[in-house]
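work-v4.cif, holding mmCIF, C-alpha atoms:
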data_query
loop_
_atom_site.label_atom_id
_atom_site.label_comp_id
_atom_site.auth_asym_id
_atom_site.auth_seq_id
_atom_site.Cartn_x
_atom_site.Cartn_y
_atom_site.Cartn_z
CA MET I 83 -21.10 48.78 -57.37
CA ALA I 84 -21.10 51.45 -60.04
CA SER I 85 -21.68 50.00 -63.46
CA ARG I 86 -23.21 51.24 -66.62
CA GLU I 87 -24.65 49.50 -69.57
CA ALA I 88 -22.36 48.93 -72.49
CA THR I 89 -23.51 48.53 -76.02
CA GLY I 90 -21.20 46.34 -78.03
CA ASP I 91 -20.82 46.40 -81.77
CA LEU I 92 -22.66 43.15 -81.90
CA GLY I 93 -25.69 44.91 -80.54
CA THR I 94 -25.84 43.42 -77.05
CA THR I 95 -26.45 45.60 -74.04
CA ARG I 96 -25.05 44.43 -70.78
CA GLU I 97 -23.27 45.58 -67.64
CA SER I 98 -19.53 45.68 -68.09
CA VAL I 99 -16.64 46.38 -65.76
CA TRP I 100 -14.96 48.02 -68.73
CA SER I 101 -17.64 50.72 -68.60
CA GLY I 102 -15.74 52.36 -65.79
CA GLY I 103 -16.28 52.90 -62.09
CA ALA I 104 -14.73 49.64 -60.97
CA SER I 105 -11.17 49.23 -59.82
CA PRO I 106 -9.01 46.33 -61.01
CA TYR I 107 -8.61 43.59 -58.41
CA ALA I 108 -11.13 45.48 -56.26
CA VAL I 109 -8.22 47.22 -54.59
CA PRO I 110 -7.67 50.98 -54.04
CA SER I 111 -5.23 52.43 -56.56
CA LYS I 112 -2.60 53.37 -53.94
CA LYS I 113 -2.47 49.79 -52.79
CA LEU I 114 -2.14 48.44 -56.34
CA GLY I 115 0.56 51.04 -56.99
CA MET I 116 2.50 49.93 -53.93
CA TRP I 117 2.19 46.25 -54.93
CA LEU I 118 3.54 47.01 -58.41
CA PHE I 119 6.43 48.97 -56.88
CA ILE I 120 7.14 46.08 -54.50
CA VAL I 121 7.36 43.61 -57.39
CA SER I 122 9.76 45.91 -59.24
CA ASP I 123 11.91 46.41 -56.14
CA ALA I 124 11.91 42.66 -55.51
CA ILE I 125 13.29 42.21 -59.02
CA THR I 126 16.03 44.76 -58.25
CA PHE I 127 17.08 42.92 -55.10
CA SER I 128 16.86 39.60 -56.92
CA ALA I 129 19.22 40.93 -59.58
CA LEU I 130 21.73 41.92 -56.90
CA LEU I 131 21.41 38.55 -55.16
CA ILE I 132 21.87 36.68 -58.42
CA ALA I 133 24.93 38.80 -59.23
CA TYR I 134 26.36 37.92 -55.80
CA ALA I 135 25.57 34.24 -56.42
CA PHE I 136 27.24 34.40 -59.83
CA VAL I 137 30.46 35.84 -58.44
CA ARG I 138 30.43 33.37 -55.57
CA VAL I 139 29.77 30.28 -57.73
CA ALA I 140 32.65 31.35 -60.00
CA SER I 141 34.96 31.65 -57.02
CA ALA I 142 37.03 28.97 -55.36
CA THR I 143 38.13 31.22 -52.50
CA TRP I 144 35.05 33.01 -51.21
CA PRO I 145 35.53 34.26 -47.64
CA MET I 146 33.49 32.61 -44.88
CA PRO I 147 34.41 35.00 -42.09
CA PHE I 148 31.32 35.26 -39.87
CA GLU I 149 31.98 33.82 -36.44
CA TRP I 150 29.24 33.13 -33.90
CA PRO I 151 29.01 36.71 -32.52
CA SER I 152 28.35 37.99 -36.07
CA ILE I 153 25.79 35.29 -36.76
CA LEU I 154 24.13 35.97 -33.40
CA ASN I 155 24.02 39.68 -34.20
CA ALA I 156 22.45 39.01 -37.59
CA THR I 157 19.95 36.59 -36.01
CA ILE I 158 18.95 39.23 -33.45
CA MET I 159 18.52 41.71 -36.29
CA THR I 160 16.28 39.18 -38.04
CA VAL I 161 14.15 38.72 -34.92
CA ILE I 162 13.86 42.49 -34.51
CA LEU I 163 12.72 42.94 -38.11
CA LEU I 164 10.21 40.08 -37.90
CA SER I 165 8.83 41.54 -34.68
CA SER I 166 8.56 44.95 -36.31
CA SER I 167 6.44 43.33 -39.01
CA LEU I 168 4.20 42.02 -36.24
CA THR I 169 3.83 45.48 -34.68
CA MET I 170 3.15 46.87 -38.17
CA VAL I 171 0.37 44.39 -38.82
CA LEU I 172 -1.13 45.15 -35.41
CA GLY I 173 -0.99 48.83 -36.39
CA VAL I 174 -2.93 48.13 -39.58
CA HIS I 175 -5.41 46.12 -37.52
CA ALA I 176 -5.83 49.12 -35.21
CA ALA I 177 -6.41 51.35 -38.24
CA LYS I 178 -9.13 49.04 -39.57
CA THR I 179 -10.89 49.16 -36.20
CA GLY I 180 -10.65 52.95 -35.99
CA ASN I 181 -8.21 53.01 -33.07
CA ARG I 182 -6.16 56.07 -33.99
CA LYS I 183 -4.00 56.12 -30.83
CA GLY I 184 -3.30 52.42 -31.32
CA VAL I 185 -2.12 53.07 -34.86
CA VAL I 186 0.35 55.73 -33.75
CA GLY I 187 1.62 53.51 -30.92
CA TRP I 188 2.16 50.46 -33.09
CA LEU I 189 3.76 52.53 -35.87
CA LEU I 190 6.20 54.06 -33.36
CA ALA I 191 7.03 50.56 -32.12
CA THR I 192 7.68 49.47 -35.72
CA MET I 193 9.91 52.50 -36.29
CA CYS I 194 11.86 51.65 -33.14
CA GLY I 195 12.44 48.17 -34.54
CA GLY I 196 13.74 49.66 -37.77
CA ILE I 197 16.04 52.08 -35.97
CA LEU I 198 17.39 49.32 -33.73
CA PHE I 199 18.03 47.20 -36.82
CA ASP I 200 19.94 50.07 -38.44
CA VAL I 201 22.02 50.67 -35.28
CA LEU I 202 23.05 47.01 -34.97
CA HIS I 203 23.77 46.90 -38.69
CA LEU I 204 25.94 50.03 -38.66
CA ARG I 205 27.83 48.67 -35.66
CA GLU I 206 28.56 45.57 -37.70
CA TRP I 207 29.60 47.60 -40.73
CA LEU I 208 32.05 49.64 -38.65
CA GLY I 209 33.49 46.44 -37.24
CA LEU I 210 34.03 44.97 -40.70
CA ILE I 211 35.52 48.19 -42.07
CA ASN I 212 37.85 48.22 -39.07
CA GLU I 213 39.00 44.71 -39.97
CA GLY I 214 39.96 45.98 -43.40
CA VAL I 215 36.93 45.09 -45.53
CA THR I 216 36.36 47.61 -48.31
CA LEU I 217 34.43 47.58 -51.56
CA PHE I 218 37.56 46.38 -53.33
CA LYS I 219 39.43 44.13 -50.93
CA ASN I 220 39.33 42.22 -47.68
CA PRO I 221 41.87 40.29 -45.60
CA TRP I 222 40.32 36.88 -46.24
CA GLY I 223 39.72 35.98 -49.87
CA ASP I 224 38.04 37.12 -53.07
CA PRO I 225 38.09 40.89 -53.36
CA GLN I 226 34.44 40.97 -54.48
CA PHE I 227 33.23 39.92 -51.03
CA GLY I 228 33.15 43.47 -49.71
CA ALA I 229 31.36 44.87 -52.74
CA ALA I 230 28.75 42.12 -52.61
CA PHE I 231 28.25 42.48 -48.86
CA PHE I 232 28.10 46.26 -48.69
CA SER I 233 25.95 46.75 -51.79
CA LEU I 234 23.36 44.16 -50.75
CA THR I 235 23.13 45.14 -47.10
CA GLY I 236 23.60 48.83 -47.90
CA LEU I 237 20.68 48.93 -50.33
CA HIS I 238 18.59 47.01 -47.80
CA MET I 239 19.56 49.32 -44.93
CA THR I 240 18.63 52.31 -47.10
CA HIS I 241 15.20 50.77 -47.62
CA VAL I 242 14.82 50.27 -43.87
CA THR I 243 15.74 53.89 -43.20
CA ILE I 244 13.37 55.22 -45.87
CA GLY I 245 10.72 52.98 -44.30
CA VAL I 246 11.28 54.49 -40.86
CA VAL I 247 10.82 57.99 -42.31
CA TYR I 248 7.74 56.89 -44.30
CA LEU I 249 6.16 55.33 -41.19
CA GLY I 250 6.96 58.50 -39.27
CA VAL I 251 5.07 60.57 -41.81
CA ILE I 252 2.10 58.18 -41.67
CA ALA I 253 2.12 58.15 -37.85
CA TRP I 254 2.28 61.95 -37.70
CA GLY I 255 -0.48 62.36 -40.27
CA THR I 256 -2.68 59.70 -38.67
CA SER I 257 -2.47 61.45 -35.29
CA ARG I 258 -3.82 64.54 -37.04
CA GLY I 259 -6.59 62.65 -38.81
CA LYS I 260 -5.12 63.20 -42.26
CA TYR I 261 -4.70 59.57 -43.30
CA THR I 262 -7.10 56.66 -43.77
CA SER I 263 -6.64 53.02 -42.82
CA ASP I 264 -5.80 52.40 -46.48
CA ASP I 265 -2.77 54.71 -46.18
CA VAL I 266 -1.61 52.83 -43.08
CA GLU I 267 -2.09 49.50 -44.84
CA VAL I 268 -0.08 50.66 -47.88
CA SER I 269 2.81 51.75 -45.65
CA GLY I 270 2.58 48.32 -44.03
CA LEU I 271 3.02 46.64 -47.40
CA TYR I 272 6.29 48.53 -47.90
CA TRP I 273 7.52 47.59 -44.44
CA HIS I 274 6.75 43.88 -44.86
CA PHE I 275 8.57 43.95 -48.20
CA VAL I 276 11.71 45.27 -46.46
CA ASP I 277 11.41 42.38 -44.00
CA LEU I 278 10.88 39.97 -46.90
CA VAL I 279 14.13 40.98 -48.59
CA TRP I 280 16.02 40.36 -45.33
CA MET I 281 14.55 36.83 -45.23
CA PHE I 282 16.76 36.13 -48.26
CA ILE I 283 19.79 38.28 -47.43
CA PHE I 284 20.20 36.72 -43.98
CA PRO I 285 20.67 33.10 -45.10
CA LEU I 286 22.45 33.87 -48.38
CA VAL I 287 24.94 36.42 -47.07
CA TYR I 288 25.40 35.45 -43.43
CA LEU I 289 24.49 31.79 -42.93
CA MET I 290 26.22 30.71 -46.16
CA SER I 291 29.40 32.49 -45.04
CA ASN I 292 29.55 31.38 -41.44
CA LYS I 293 32.87 30.17 -40.12
CA MET I 294 32.44 26.52 -39.31
CA ALA I 295 34.55 25.05 -36.55
CA MET H 186 -14.12 55.65 -57.04
CA HIS H 187 -13.74 51.97 -56.35
CA GLU H 188 -15.44 48.99 -54.91
CA ALA H 189 -13.29 47.77 -52.04
CA ALA H 190 -12.90 44.05 -51.46
CA GLU H 191 -14.95 42.63 -48.61
CA HIS H 192 -12.37 43.24 -45.99
CA VAL H 193 -11.69 39.85 -44.56
CA GLU H 194 -9.25 40.31 -41.73
CA ALA H 195 -6.92 37.78 -40.18
CA SER H 196 -7.32 37.70 -36.42
CA LYS H 197 -4.64 38.99 -34.05
CA ARG H 198 -4.17 35.39 -33.01
CA THR H 199 -3.26 34.47 -36.61
CA PHE H 200 -0.65 37.24 -36.71
CA PHE H 201 1.04 36.01 -33.54
CA PHE H 202 0.90 32.45 -34.84
CA VAL H 203 2.59 33.42 -38.12
CA TRP H 204 5.19 35.47 -36.25
CA GLY H 205 5.91 32.46 -34.04
CA TRP H 206 6.45 30.24 -37.06
CA LEU H 207 8.71 32.83 -38.69
CA LEU H 208 10.89 32.91 -35.57
CA ALA H 209 10.93 29.11 -35.36
CA ILE H 210 11.99 28.72 -39.00
CA THR H 211 14.69 31.36 -38.44
CA GLY H 212 16.00 29.35 -35.50
CA LEU H 213 15.99 26.21 -37.62
CA GLU H 214 17.98 28.00 -40.33
CA VAL H 215 20.63 29.09 -37.82
CA VAL H 216 20.94 25.55 -36.43
CA LEU H 217 21.19 24.12 -39.94
CA ALA H 218 23.95 26.56 -40.83
CA TYR H 219 26.17 24.88 -38.27
CA GLN H 220 25.57 21.35 -39.51
CA HIS H 221 28.17 19.94 -41.84
CA LEU H 222 26.08 19.69 -44.98
CA ALA H 223 27.26 19.74 -48.57
CA ILE H 224 27.11 23.32 -49.78
CA LYS H 225 24.52 22.58 -52.48
CA VAL H 226 22.28 20.84 -49.93
CA MET H 227 22.69 23.71 -47.46
CA LEU H 228 21.83 26.27 -50.13
CA THR H 229 18.76 24.35 -51.34
CA VAL H 230 17.36 23.79 -47.85
CA LEU H 231 17.97 27.39 -46.76
CA MET H 232 16.32 28.71 -49.93
CA MET H 233 13.30 26.42 -49.47
CA LEU H 234 12.91 27.64 -45.88
CA SER H 235 13.26 31.26 -46.98
CA ILE H 236 10.55 30.75 -49.59
CA VAL H 237 8.29 29.33 -46.87
CA LYS H 238 8.95 32.44 -44.74
CA ALA H 239 8.33 34.70 -47.73
CA THR H 240 5.04 32.93 -48.47
CA LEU H 241 3.91 33.38 -44.86
CA ILE H 242 4.77 37.08 -44.87
CA ILE H 243 3.16 37.73 -48.27
CA SER H 244 0.01 35.74 -47.53
CA TYR H 245 -0.74 36.88 -44.00
CA PHE H 246 1.17 40.03 -43.12
CA MET H 247 0.75 41.51 -46.60
CA HIS H 248 -2.80 40.21 -46.70
CA LEU H 249 -2.51 38.76 -50.20
CA ARG H 250 -4.33 35.62 -49.10
CA TYR H 251 -7.45 37.64 -48.46
CA GLU H 252 -7.38 39.70 -51.64
CA ARG H 253 -8.94 38.88 -54.99
CA ARG H 254 -7.10 35.86 -56.34
CA SER H 255 -6.46 37.71 -59.62
CA LEU H 256 -4.13 40.11 -57.79
CA ALA H 257 -1.87 37.30 -56.59
CA TRP H 258 -1.98 35.70 -60.05
CA THR H 259 -0.96 38.98 -61.66
CA LEU H 260 1.95 39.73 -59.34
CA MET H 261 3.54 36.44 -58.30
CA PRO H 262 4.03 34.52 -61.57
CA ALA H 263 5.59 37.62 -63.15
CA LEU H 264 8.09 37.88 -60.32
CA VAL H 265 8.91 34.17 -60.37
CA PHE H 266 9.33 34.24 -64.14
CA VAL H 267 11.68 37.24 -64.17
CA VAL H 268 13.83 35.89 -61.34
CA GLY H 269 13.84 32.47 -62.98
CA MET H 270 15.10 33.99 -66.21
CA MET H 271 18.05 35.49 -64.31
CA PHE H 272 19.25 31.96 -63.59
CA ILE H 273 20.44 31.76 -67.17
CA VAL H 274 23.76 33.29 -66.06
CA PHE H 275 24.76 30.36 -63.88
CA PRO H 276 26.18 28.08 -66.58
CA ASP H 277 28.61 30.92 -67.27
CA SER H 278 29.64 31.21 -63.64
CA LEU H 279 30.31 27.46 -63.58
CA ARG H 280 32.41 27.87 -66.70
CA ALA H 281 34.37 30.64 -64.97
CA LEU H 282 34.92 28.37 -61.97
CA LEU H 283 36.16 25.48 -64.11
CA MET H 284 38.47 27.73 -66.08
CA ARG H 285 40.04 28.86 -62.81
CA ALA H 286 41.33 25.35 -62.18
CA HIS H 287 44.26 25.95 -64.53
#
For this file, write the structure as structure tokens.
Amino acid sequence: MASREATGDLGTTRESVWSGGASPYAVPSKKLGMWLFIVSDAITFSALLIAYAFVRVASATWPMPFEWPSILNATIMTVILLSSSLTMVLGVHAAKTGNRKGVVGWLLATMCGGILFDVLHLREWLGLINEGVTLFKNPWGDPQFGAAFFSLTGLHMTHVTIGVVYLGVIAWGTSRGKYTSDDVEVSGLYWHFVDLVWMFIFPLVYLMSNKMA
Amino acid sequence: MHEAAEHVEASKRTFFFVWGWLLAITGLEVVLAYQHLAIKVMLTVLMMLSIVKATLIISYFMHLRYERRSLAWTLMPALVFVVGMMFIVFPDSLRALLMRAH
């Protein structure tokens, strides 16, 4: 631990973390930076979810169009994303134990999960658009349904895609010895955050709008 | 230049355990969605379950459980506070709903 003596105005001399050389929370700055970004992004998604909730609470005719195949599809997407978080965490574990090939393997597995999620999601989007759902209208009820659905899931899907690219960069760099286990861990934080957001989108958008028999 | 936290690692077994619970809670949510519950009850239960899932992911997968406690105390209350403040709009949405009845 690097610390220097500090002389206060009151004349005492003692070691102080404020003297420099120590990092807040004992965490590398990239990691702290990612955590702060994650909190800000969580607030952004929360704002969108609250806006959706507002419009829905104010509505008497909110569509509940998702039949079992749609719910099953969304559930499978949830399982895929949760499993990709598992592969991510195993990748970070490999990084901490110096297993470079393991890191690349687990990161590629995580990326595959993300890509699969995107594919299933886009398939669903195309289906909905085909049924006549747009940002401004839909065949079932309140016209805001489409805007709420596409903006929430669209922003999330964008985050997933950016995450896949990010993990690709980390995997590529790790295979060349450019990145440390800290870099892998920081990319993991981003990926788990993307999964975290889906943990709220899935019940609030899909399960709350399922078509009951 | 930094002093890194003593890197306490969760075991691989813990990760699989947490993943298992996350899948189980997801399954429970899907089953619940098909029960005929009052919408407020459904919403509350689903949100509680989602918060449990979020806590598991943040604590174990994102490692926050093993970091300095001050990090969690800096990040989480701020997030909860800001999101809580957003709830101030809901009385207005209820007003909008009631006004629709005419």
Give me, as an NGL selection string, the residues of chain H touching chain I, with the criterion being at most 8 Å (counting only C-alpha atoms). :H and (186-190 or 197 or 200-201 or 204 or 207-208 or 211 or 214-215 or 218-219 or 227-228 or 231-232 or 235 or 238-239 or 242-243 or 246-247 or 252-253 or 255-256 or 260 or 264 or 267-268 or 271-272 or 274-275 or 278-283)
Shell of 7 Å around Ala229 of chain I, all atoms listed in the file, local chain residues under 3 positions omitted, as a list of chain:residue names: I:Leu217, I:Phe218, I:Gln226, I:Phe232, I:Ser233
Rounded to one decimal in Å, what is the spacing between atom CA of Tyr248 of chain I and atom CA of Val276 of chain I?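 It comes out at 12.5 Å.
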Residues returned when the PyMOL selection byres ((chain I and resi 193) around 12) runs on this file, as a PyMOL selection string: chain I and resi 162-163+165-170+173+186-192+194-200+242-253+269-270+273
In Å, rounded to a single decimal, give me how far atom CA of Tyr251 of chain H is from atom CA of Ser196 of chain H.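 If I compute the distance from atom CA of Ser196 of chain H to atom CA of Tyr251 of chain H, I get 12.0 Å.
Closest approach to Val215 of chain I among I:Val266, I:Leu130, I:Ala230, I:Ala177 is made by I:Ala230 (distances from all atoms listed in the file).
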Between atom CA of Arg182 of chain I and atom CA of Ser257 of chain I - distance in Å to one decimal: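 It comes out at 6.7 Å.
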Distance query Asn220 of chain I at most 12 Å, only C-alpha atoms, self and fewer than 4 positions along chain excluded, as a count of residues only: 20
For each of I:Val287, I:Thr240, I:Leu234, I:Ser263, take the minimum atom-to-atom distance to Lys113 of chain I, counting only C-alpha atoms, then give the residue where this is smallest. I:Ser263
Can you fill out segment 161-174 of chain I with N, CA and C atoms and hand it back as a PDB file, in the coordinates of the input?
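File result.pdb, as written:
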ATOM      1  N   VAL I 161      15.260  38.774 -35.875  1.00  0.00           N
ATOM      2  CA  VAL I 161      14.150  38.720 -34.920  1.00  0.00           C
ATOM      3  C   VAL I 161      13.527  40.096 -34.740  1.00  0.00           C
ATOM      4  N   ILE I 162      14.366  41.126 -34.665  1.00  0.00           N
ATOM      5  CA  ILE I 162      13.860  42.490 -34.510  1.00  0.00           C
ATOM      6  C   ILE I 162      12.992  42.873 -35.710  1.00  0.00           C
ATOM      7  N   LEU I 163      13.464  42.566 -36.907  1.00  0.00           N
ATOM      8  CA  LEU I 163      12.720  42.940 -38.110  1.00  0.00           C
ATOM      9  C   LEU I 163      11.404  42.164 -38.206  1.00  0.00           C
ATOM     10  N   LEU I 164      11.440  40.882 -37.879  1.00  0.00           N
ATOM     11  CA  LEU I 164      10.210  40.080 -37.900  1.00  0.00           C
ATOM     12  C   LEU I 164       9.213  40.608 -36.880  1.00  0.00           C
ATOM     13  N   SER I 165       9.715  41.001 -35.715  1.00  0.00           N
ATOM     14  CA  SER I 165       8.830  41.540 -34.680  1.00  0.00           C
ATOM     15  C   SER I 165       8.267  42.893 -35.095  1.00  0.00           C
ATOM     16  N   SER I 166       9.067  43.661 -35.837  1.00  0.00           N
ATOM     17  CA  SER I 166       8.560  44.950 -36.310  1.00  0.00           C
ATOM     18  C   SER I 166       7.464  44.747 -37.347  1.00  0.00           C
ATOM     19  N   SER I 167       7.531  43.640 -38.096  1.00  0.00           N
ATOM     20  CA  SER I 167       6.440  43.330 -39.010  1.00  0.00           C
ATOM     21  C   SER I 167       5.181  42.993 -38.233  1.00  0.00           C
ATOM     22  N   LEU I 168       5.354  42.340 -37.078  1.00  0.00           N
ATOM     23  CA  LEU I 168       4.200  42.020 -36.240  1.00  0.00           C
ATOM     24  C   LEU I 168       3.556  43.299 -35.711  1.00  0.00           C
ATOM     25  N   THR I 169       4.393  44.216 -35.200  1.00  0.00           N
ATOM     26  CA  THR I 169       3.830  45.480 -34.680  1.00  0.00           C
ATOM     27  C   THR I 169       3.171  46.259 -35.817  1.00  0.00           C
ATOM     28  N   MET I 170       3.736  46.155 -37.019  1.00  0.00           N
ATOM     29  CA  MET I 170       3.150  46.870 -38.170  1.00  0.00           C
ATOM     30  C   MET I 170       1.751  46.334 -38.468  1.00  0.00           C
ATOM     31  N   VAL I 171       1.646  44.996 -38.470  1.00  0.00           N
ATOM     32  CA  VAL I 171       0.370  44.390 -38.820  1.00  0.00           C
ATOM     33  C   VAL I 171      -0.677  44.666 -37.735  1.00  0.00           C
ATOM     34  N   LEU I 172      -0.210  44.782 -36.484  1.00  0.00           N
ATOM     35  CA  LEU I 172      -1.130  45.150 -35.410  1.00  0.00           C
ATOM     36  C   LEU I 172      -1.553  46.615 -35.560  1.00  0.00           C
ATOM     37  N   GLY I 173      -0.661  47.438 -36.106  1.00  0.00           N
ATOM     38  CA  GLY I 173      -0.990  48.830 -36.390  1.00  0.00           C
ATOM     39  C   GLY I 173      -2.061  48.942 -37.467  1.00  0.00           C
ATOM     40  N   VAL I 174      -1.931  48.132 -38.512  1.00  0.00           N
ATOM     41  CA  VAL I 174      -2.930  48.130 -39.580  1.00  0.00           C
ATOM     42  C   VAL I 174      -4.272  47.650 -39.021  1.00  0.00           C
TER      43      VAL I 174
END
